[in-house]
$ cat start32.tsv   # TSV, C-alpha atoms
chain	number	residue	atom	x	y	z
I	4	MET	CA	-56.54	108.63	231.88
I	5	LYS	CA	-58.84	109.14	228.91
I	6	LYS	CA	-57.66	111.09	225.86
I	7	LEU	CA	-59.87	112.72	223.24
I	8	ILE	CA	-58.17	113.97	220.07
I	9	LEU	CA	-60.15	116.52	218.04
I	10	ILE	CA	-59.01	117.49	214.54
I	11	ARG	CA	-60.68	119.91	212.15
I	12	HIS	CA	-60.30	118.79	208.53
I	13	GLY	CA	-57.42	120.11	206.43
I	14	GLU	CA	-57.78	123.02	204.03
I	15	SER	CA	-60.66	122.41	201.60
I	16	GLU	CA	-61.16	123.82	198.12
I	17	TRP	CA	-63.73	126.25	199.50
I	18	ASN	CA	-61.54	127.21	202.46
I	19	LYS	CA	-58.98	128.24	199.87
I	20	LEU	CA	-61.59	130.32	198.03
I	21	ASN	CA	-62.95	131.72	201.34
I	22	LEU	CA	-66.48	130.46	200.70
I	23	PHE	CA	-69.13	129.42	203.21
I	24	THR	CA	-69.18	125.62	202.91
I	25	GLY	CA	-71.55	124.04	205.42
I	26	TRP	CA	-72.93	120.73	204.17
I	27	THR	CA	-71.56	121.18	200.64
I	28	ASP	CA	-69.28	118.20	200.00
I	29	VAL	CA	-66.08	119.83	198.77
I	30	ASP	CA	-62.71	118.10	198.59
I	31	LEU	CA	-59.39	118.83	200.25
I	32	THR	CA	-56.72	120.86	198.48
I	33	GLU	CA	-53.26	119.37	198.06
I	34	ASN	CA	-52.24	121.53	200.99
I	35	GLY	CA	-55.16	120.15	203.02
I	36	CYS	CA	-54.00	116.58	202.38
I	37	ARG	CA	-50.48	117.57	203.39
I	38	GLU	CA	-51.75	119.28	206.57
I	39	ALA	CA	-53.64	116.13	207.53
I	40	PHE	CA	-50.65	113.87	206.94
I	41	GLU	CA	-48.45	116.20	209.00
I	42	ALA	CA	-50.99	116.08	211.82
I	43	GLY	CA	-50.75	112.30	211.81
I	44	LYS	CA	-46.95	112.41	211.83
I	45	LEU	CA	-47.04	114.77	214.81
I	46	LEU	CA	-49.44	112.51	216.71
I	47	LYS	CA	-47.17	109.53	216.01
I	48	LYS	CA	-44.07	111.45	217.11
I	49	GLU	CA	-45.75	112.45	220.37
I	50	GLY	CA	-46.83	108.89	221.12
I	51	TYR	CA	-50.59	109.11	220.55
I	52	ARG	CA	-52.31	105.84	219.66
I	53	PRO	CA	-56.06	106.31	219.09
I	54	GLU	CA	-58.12	103.14	219.26
I	55	ILE	CA	-61.32	104.18	217.48
I	56	CYS	CA	-62.23	107.13	215.25
I	57	PHE	CA	-65.34	109.14	214.45
I	58	THR	CA	-65.97	111.45	211.51
I	59	SER	CA	-68.74	113.06	209.47
I	60	TYR	CA	-70.31	112.17	206.12
I	61	LEU	CA	-68.33	114.90	204.33
I	62	LYS	CA	-65.29	113.97	202.27
I	63	ARG	CA	-63.05	116.74	203.57
I	64	ALA	CA	-63.28	115.22	207.05
I	65	VAL	CA	-63.17	111.60	205.85
I	66	LYS	CA	-60.08	112.22	203.71
I	67	THR	CA	-58.39	114.12	206.51
I	68	LEU	CA	-58.93	111.15	208.80
I	69	ASN	CA	-57.59	108.79	206.13
I	70	ASN	CA	-54.41	110.86	205.80
I	71	VAL	CA	-53.95	111.09	209.57
I	72	LEU	CA	-54.32	107.32	209.92
I	73	ASP	CA	-51.92	106.74	207.02
I	74	ALA	CA	-49.27	108.85	208.74
I	75	LEU	CA	-49.90	106.99	212.01
I	76	ASP	CA	-49.62	103.61	210.21
I	77	MET	CA	-53.01	102.84	211.74
I	78	ASP	CA	-55.24	102.53	208.66
I	79	TYR	CA	-56.81	99.47	210.26
I	80	LEU	CA	-58.55	101.40	213.03
I	81	PRO	CA	-62.35	101.18	213.22
I	82	VAL	CA	-64.09	104.31	211.93
I	83	GLU	CA	-67.69	105.35	212.53
I	84	LYS	CA	-69.34	108.05	210.39
I	85	SER	CA	-72.35	110.15	211.32
I	86	TRP	CA	-74.16	113.07	209.71
I	87	ARG	CA	-74.46	114.47	213.23
I	88	LEU	CA	-70.75	115.41	213.04
I	89	ASN	CA	-71.28	117.41	209.83
I	90	GLU	CA	-70.46	121.09	209.69
I	91	LYS	CA	-73.07	123.68	210.65
I	92	SER	CA	-75.51	124.41	207.83
I	93	TYR	CA	-74.91	127.91	206.52
I	94	GLY	CA	-78.26	127.93	204.75
I	95	ALA	CA	-78.66	130.41	201.90
I	96	ILE	CA	-75.17	131.91	202.31
I	97	GLN	CA	-73.60	128.53	201.52
I	98	GLY	CA	-71.28	128.98	198.54
I	99	LEU	CA	-70.92	132.76	198.99
I	100	ASN	CA	-67.57	134.45	199.54
I	101	LYS	CA	-67.15	135.41	203.21
I	102	ALA	CA	-65.44	138.75	202.60
I	103	ASP	CA	-67.95	139.74	199.90
I	104	THR	CA	-70.82	138.80	202.20
I	105	ALA	CA	-69.29	140.94	204.95
I	106	ALA	CA	-69.03	143.86	202.53
I	107	LYS	CA	-72.73	143.47	201.66
I	108	TYR	CA	-74.25	142.80	205.09
I	109	GLY	CA	-71.57	144.15	207.44
I	110	GLU	CA	-68.86	142.39	209.39
I	111	ALA	CA	-70.89	142.33	212.61
I	112	GLN	CA	-73.83	140.54	210.97
I	113	VAL	CA	-71.60	138.00	209.24
I	114	LYS	CA	-69.72	137.33	212.47
I	115	LEU	CA	-73.07	136.50	214.08
I	116	TRP	CA	-73.95	134.13	211.22
I	117	ARG	CA	-70.52	132.49	211.43
I	118	ARG	CA	-69.70	132.39	215.12
I	119	SER	CA	-72.64	133.32	217.38
I	120	TYR	CA	-74.39	130.79	219.54
I	121	ASP	CA	-78.03	131.28	218.53
I	122	VAL	CA	-78.26	133.37	215.34
I	123	GLN	CA	-79.11	131.44	212.17
I	124	PRO	CA	-78.06	132.51	208.66
I	125	PRO	CA	-80.92	132.93	206.14
I	126	ALA	CA	-82.47	129.54	205.41
I	127	LEU	CA	-82.53	127.47	202.23
I	128	VAL	CA	-85.81	126.16	200.89
I	129	MET	CA	-86.16	122.38	200.87
I	130	ASP	CA	-85.94	121.99	197.07
I	131	ASP	CA	-82.91	124.30	196.66
I	132	GLU	CA	-80.13	122.50	194.76
I	133	ARG	CA	-77.93	123.00	197.85
I	134	SER	CA	-80.44	121.29	200.14
I	135	PRO	CA	-79.32	118.03	201.82
I	136	ARG	CA	-82.73	116.64	200.87
I	137	ARG	CA	-81.40	116.25	197.31
I	138	ASP	CA	-78.38	114.21	198.47
I	139	PRO	CA	-78.95	110.42	198.70
I	140	ARG	CA	-76.59	110.03	201.65
I	141	TYR	CA	-79.25	111.77	203.77
I	142	ASN	CA	-82.18	109.62	202.70
I	143	GLU	CA	-82.27	108.26	206.25
I	144	LEU	CA	-83.16	111.71	207.60
I	145	SER	CA	-86.73	112.93	207.95
I	146	ASP	CA	-87.61	116.37	206.61
I	147	SER	CA	-87.61	117.67	210.18
I	148	GLU	CA	-84.01	116.49	210.62
I	149	ILE	CA	-82.76	118.10	207.38
I	150	PRO	CA	-81.05	121.39	208.32
I	151	LEU	CA	-81.91	124.26	205.99
I	152	THR	CA	-79.93	126.61	208.25
I	153	GLU	CA	-78.36	126.24	211.68
I	154	SER	CA	-76.97	128.31	214.49
I	155	LEU	CA	-74.26	126.82	216.67
I	156	LYS	CA	-77.02	126.10	219.20
I	157	ASP	CA	-78.83	124.02	216.55
I	158	THR	CA	-75.60	122.24	215.58
I	159	ILE	CA	-74.95	121.32	219.21
I	160	ALA	CA	-78.53	120.09	219.63
I	161	ARG	CA	-78.21	117.54	216.81
I	162	LEU	CA	-74.63	116.67	217.76
I	163	MET	CA	-74.93	116.12	221.50
I	164	PRO	CA	-77.02	112.91	221.49
I	165	TYR	CA	-74.39	111.25	219.27
I	166	TYR	CA	-71.50	112.71	221.27
I	167	LYS	CA	-72.89	111.52	224.60
I	168	ASP	CA	-74.45	108.20	223.55
I	169	THR	CA	-71.80	107.02	221.07
I	170	ILE	CA	-68.49	108.89	221.34
I	171	LEU	CA	-68.29	109.16	225.11
I	172	LYS	CA	-69.75	105.67	225.48
I	173	ALA	CA	-66.77	104.36	223.48
I	174	PHE	CA	-64.57	105.26	226.45
I	175	GLU	CA	-66.10	102.26	228.22
I	176	THR	CA	-63.83	100.05	226.11
I	177	HIS	CA	-61.19	102.50	224.80
I	178	ASN	CA	-58.84	104.98	226.42
I	179	GLU	CA	-57.93	107.10	223.39
I	180	ILE	CA	-60.47	108.34	220.84
I	181	MET	CA	-60.09	110.58	217.78
I	182	VAL	CA	-62.80	112.74	216.22
I	183	VAL	CA	-62.13	114.37	212.84
I	184	ALA	CA	-64.86	116.79	211.92
I	185	HIS	CA	-65.51	120.49	211.24
I	186	GLY	CA	-65.00	123.89	212.78
I	187	ASN	CA	-68.49	124.27	214.20
I	188	SER	CA	-69.28	120.68	215.14
I	189	LEU	CA	-65.97	120.60	217.02
I	190	ARG	CA	-66.71	123.97	218.61
I	191	GLY	CA	-69.87	122.37	219.95
I	192	ILE	CA	-67.87	119.58	221.58
I	193	VAL	CA	-65.32	122.06	222.93
I	194	LYS	CA	-68.06	124.28	224.37
I	195	GLU	CA	-69.49	121.26	226.19
I	196	LEU	CA	-66.12	120.04	227.46
I	197	ARG	CA	-64.80	123.41	228.58
I	198	GLN	CA	-68.20	124.71	229.76
I	199	MET	CA	-67.67	127.88	227.73
I	200	THR	CA	-70.23	130.65	227.75
I	201	ASN	CA	-72.11	131.69	224.61
I	202	ASP	CA	-69.94	134.80	224.39
I	203	GLU	CA	-66.69	132.87	224.85
I	204	ILE	CA	-67.46	130.47	222.02
I	205	ILE	CA	-67.98	133.36	219.57
I	206	GLU	CA	-64.29	134.24	219.92
I	207	PHE	CA	-62.95	130.68	219.77
I	208	ASN	CA	-61.59	129.49	216.41
I	209	ILE	CA	-60.24	126.07	215.48
I	210	PRO	CA	-57.46	125.97	212.86
I	211	THR	CA	-57.32	123.32	210.15
I	212	ALA	CA	-55.60	120.01	210.84
I	213	ILE	CA	-54.13	120.85	214.23
I	214	PRO	CA	-54.66	118.11	216.84
I	215	TYR	CA	-56.52	119.47	219.86
I	216	ILE	CA	-55.87	117.16	222.80
I	217	PHE	CA	-58.16	116.73	225.79
I	218	GLU	CA	-57.03	114.71	228.79
I	219	LEU	CA	-60.17	113.70	230.69
I	220	ASN	CA	-60.97	112.46	234.17
I	221	ASP	CA	-63.22	109.44	234.63
I	222	ASP	CA	-66.28	111.72	234.87
I	223	PHE	CA	-65.25	113.38	231.55
I	224	SER	CA	-64.28	116.63	233.22
I	225	VAL	CA	-61.24	118.22	231.61
I	226	LYS	CA	-57.90	117.64	233.29
I	227	LYS	CA	-55.86	119.34	230.58
I	228	HIS	CA	-56.35	120.60	227.02
I	229	PHE	CA	-53.91	121.93	224.42
I	230	PHE	CA	-53.25	122.22	220.71
I	231	LEU	CA	-50.36	120.04	219.59
I	232	GLY	CA	-47.56	121.73	217.68
I	233	ASP	CA	-45.78	125.07	217.36
I	234	GLN	CA	-47.84	127.50	219.45
I	235	GLU	CA	-46.94	130.61	217.45
I	236	GLU	CA	-47.98	128.93	214.21
I	237	ILE	CA	-51.20	127.70	215.83
I	238	ALA	CA	-52.02	131.22	217.04
I	239	ARG	CA	-51.40	132.57	213.54
I	240	LYS	CA	-53.72	129.98	212.01
I	241	MET	CA	-56.44	130.69	214.59
I	242	GLN	CA	-56.26	134.40	213.80
I	243	SER	CA	-56.44	133.60	210.09
I	244	VAL	CA	-59.72	131.76	210.68
I	245	ALA	CA	-61.07	134.74	212.64
I	246	ASN	CA	-60.16	137.12	209.80
I	247	GLN	CA	-61.89	135.19	207.01
I	248	ALA	CA	-65.06	137.29	207.11
I	249	LEU	CA	-63.47	140.72	207.22
I	250	LYS	CA	-64.25	143.05	204.35
I	251	LYS	CA	-61.55	143.31	201.70
$ encode --input "start32.tsv" --output "structure tokens"
Amino acid sequence: MKKLILIRHGESEWNKLNLFTGWTDVDLTENGCREAFEAGKLLKKEGYRPEICFTSYLKRAVKTLNNVLDALDMDYLPVEKSWRLNEKSYGAIQGLNKADTAAKYGEAQVKLWRRSYDVQPPALVMDDERSPRRDPRYNELSDSEIPLTESLKDTIARLMPYYKDTILKAFETHNEIMVVAHGNSLRGIVKELRQMTNDEIIEFNIPTAIPYIFELNDDFSVKKHFFLGDQEEIARKMQSVANQALKK
């Protein structure tokens, strides 16, 4: 049986401030580091032994993975990084407070920008100081690949080639794989795995640093999926994510 472990990064500095983050490279809080380490301890306790790991270019995901591996005593595992696992670009609302933005534009509009399948937030311009074009880690990307805003549909479109050609291909030689990434890039993977509708994915939230386990058949269809840990606490954290963009 194949096992895919998905983990959203631990609490970041901008999660704590309730800001739209996107491709901005913010660090973990102390609590975020602790969440990640606890996730690793839980995986170890439950007998999970990933064999290869994938993460994004953003430090909040990379450091979460490092803490998980430290807790697992598996710092030696091979890790592959890709910009295609980065968070959705929030465009021109990147850096804005979610509740304040909801007060200005309305909760319904902000929910569409945050969680809908095909609605993009307002776009950045290429030379904006928040643009990935100004970050040397993305020098490999052409201007057409640089996201100045993204819907979930766009995020899935740039993610899926990597997911199918690299992550799933790794199951040819490994039975247990771990992906540590972001709320929206992971929602894209979950939508694909669970064959969720566009409306269903709007209501699905992934809490920080909670292992989401998929047991897969040989054809990658889902045999079983579940969040690992205390289910009441997980439900509380999922609701907390959903409430981030409510007006104060």
$ atom_distance --input "start32.tsv" --atom1 "CA of Gly109 (chain I)" --atom2 "CA of Asn208 (chain I)"
19.9 Å
$ closest_residue --input "start32.tsv" --among "I:Thr27, I:Thr169, I:Ser15, I:Gln242" --to "Arg137 (chain I)" --atoms "all atoms listed in the file"
I:Thr27
$ axis_aligned_box --input "start32.tsv" --around "region 53-72 of chain I" --padding-each-side "8 Å" --output "JSON"
{"center_x": -62.1, "center_y": 109.9, "center_z": 210.8, "size_x": 32.4, "size_y": 29.6, "size_z": 33.0}
$ residues_around --input "start32.tsv" --residues "Asp157 (chain I)" --least-positions-apart "2" --cutoff "10 Å" --atoms "only C-alpha atoms" --output "ChimeraX atom specification"
/I:91-92,120-123,150,152-155,159-162,191
$ residues_around --input "start32.tsv" --residues "Asn220 (chain I)" --least-positions-apart "5" --cutoff "10 Å" --atoms "all atoms listed in the file" --output "count of residues only"
6
$ atom_distance --input "start32.tsv" --atom1 "CA of Ala95 (chain I)" --atom2 "CA of Tyr108 (chain I)"
13.5 Å
$ closest_residue --input "start32.tsv" --among "I:Val113, I:Leu9, I:Leu99, I:Val244" --to "Leu46 (chain I)" --atoms "only C-alpha atoms"
I:Leu9
$ atom_distance --input "start32.tsv" --atom1 "CA of Ile213 (chain I)" --atom2 "CA of Asp78 (chain I)"
19.2 Å
$ residues_near_point --input "start32.tsv" --point "(-62.1, 118.4, 206.2)" --cutoff "6 Å" --atoms "all atoms listed in the file" --output "PDB file with C-alpha atoms, in the coordinates of the input"
ATOM      1  CA  HIS I  12     -60.300 118.790 208.530  1.00  0.00           C
ATOM      2  CA  GLY I  13     -57.420 120.110 206.430  1.00  0.00           C
ATOM      3  CA  ARG I  63     -63.050 116.740 203.570  1.00  0.00           C
ATOM      4  CA  ALA I  64     -63.280 115.220 207.050  1.00  0.00           C
ATOM      5  CA  THR I  67     -58.390 114.120 206.510  1.00  0.00           C
TER       6      THR I  67
END
$ closest_residue --input "start32.tsv" --among "I:Glu38, I:Glu148, I:Glu195, I:Glu49" --to "Arg87 (chain I)" --atoms "only C-alpha atoms"
I:Glu148
$ residues_around --input "start32.tsv" --residues "Glu206 (chain I)" --least-positions-apart "2" --cutoff "9 Å" --atoms "all atoms listed in the file" --output "JSON, numbers by chain"
{"I": [118, 119, 202, 203, 204, 208, 245]}
$ closest_residue --input "start32.tsv" --among "I:Ser134, I:Ser188, I:Gln112, I:Ser147" --to "Asn89 (chain I)" --atoms "all atoms listed in the file"
I:Ser188
$ residues_around --input "start32.tsv" --residues "Tyr79 (chain I)" --least-positions-apart "3" --cutoff "10 Å" --atoms "only C-alpha atoms" --output "list in words"
Glu54, Ile55, Leu72, Asp73, Asp76 and Val82 of chain I
$ closest_residue --input "start32.tsv" --among "I:Gly50, I:Pro139, I:Gly25, I:Gly186" --to "Ile96 (chain I)" --atoms "all atoms listed in the file"
I:Gly25
$ closest_residue --input "start32.tsv" --among "I:Pro135, I:Gly232, I:Pro81, I:Pro210" --to "Lys48 (chain I)" --atoms "only C-alpha atoms"
I:Gly232
$ residues_around --input "start32.tsv" --residues "Arg52 (chain I)" --least-positions-apart "3" --cutoff "9 Å" --atoms "all atoms listed in the file" --output "ChimeraX atom specification"
/I:46-47,75,77,179-180
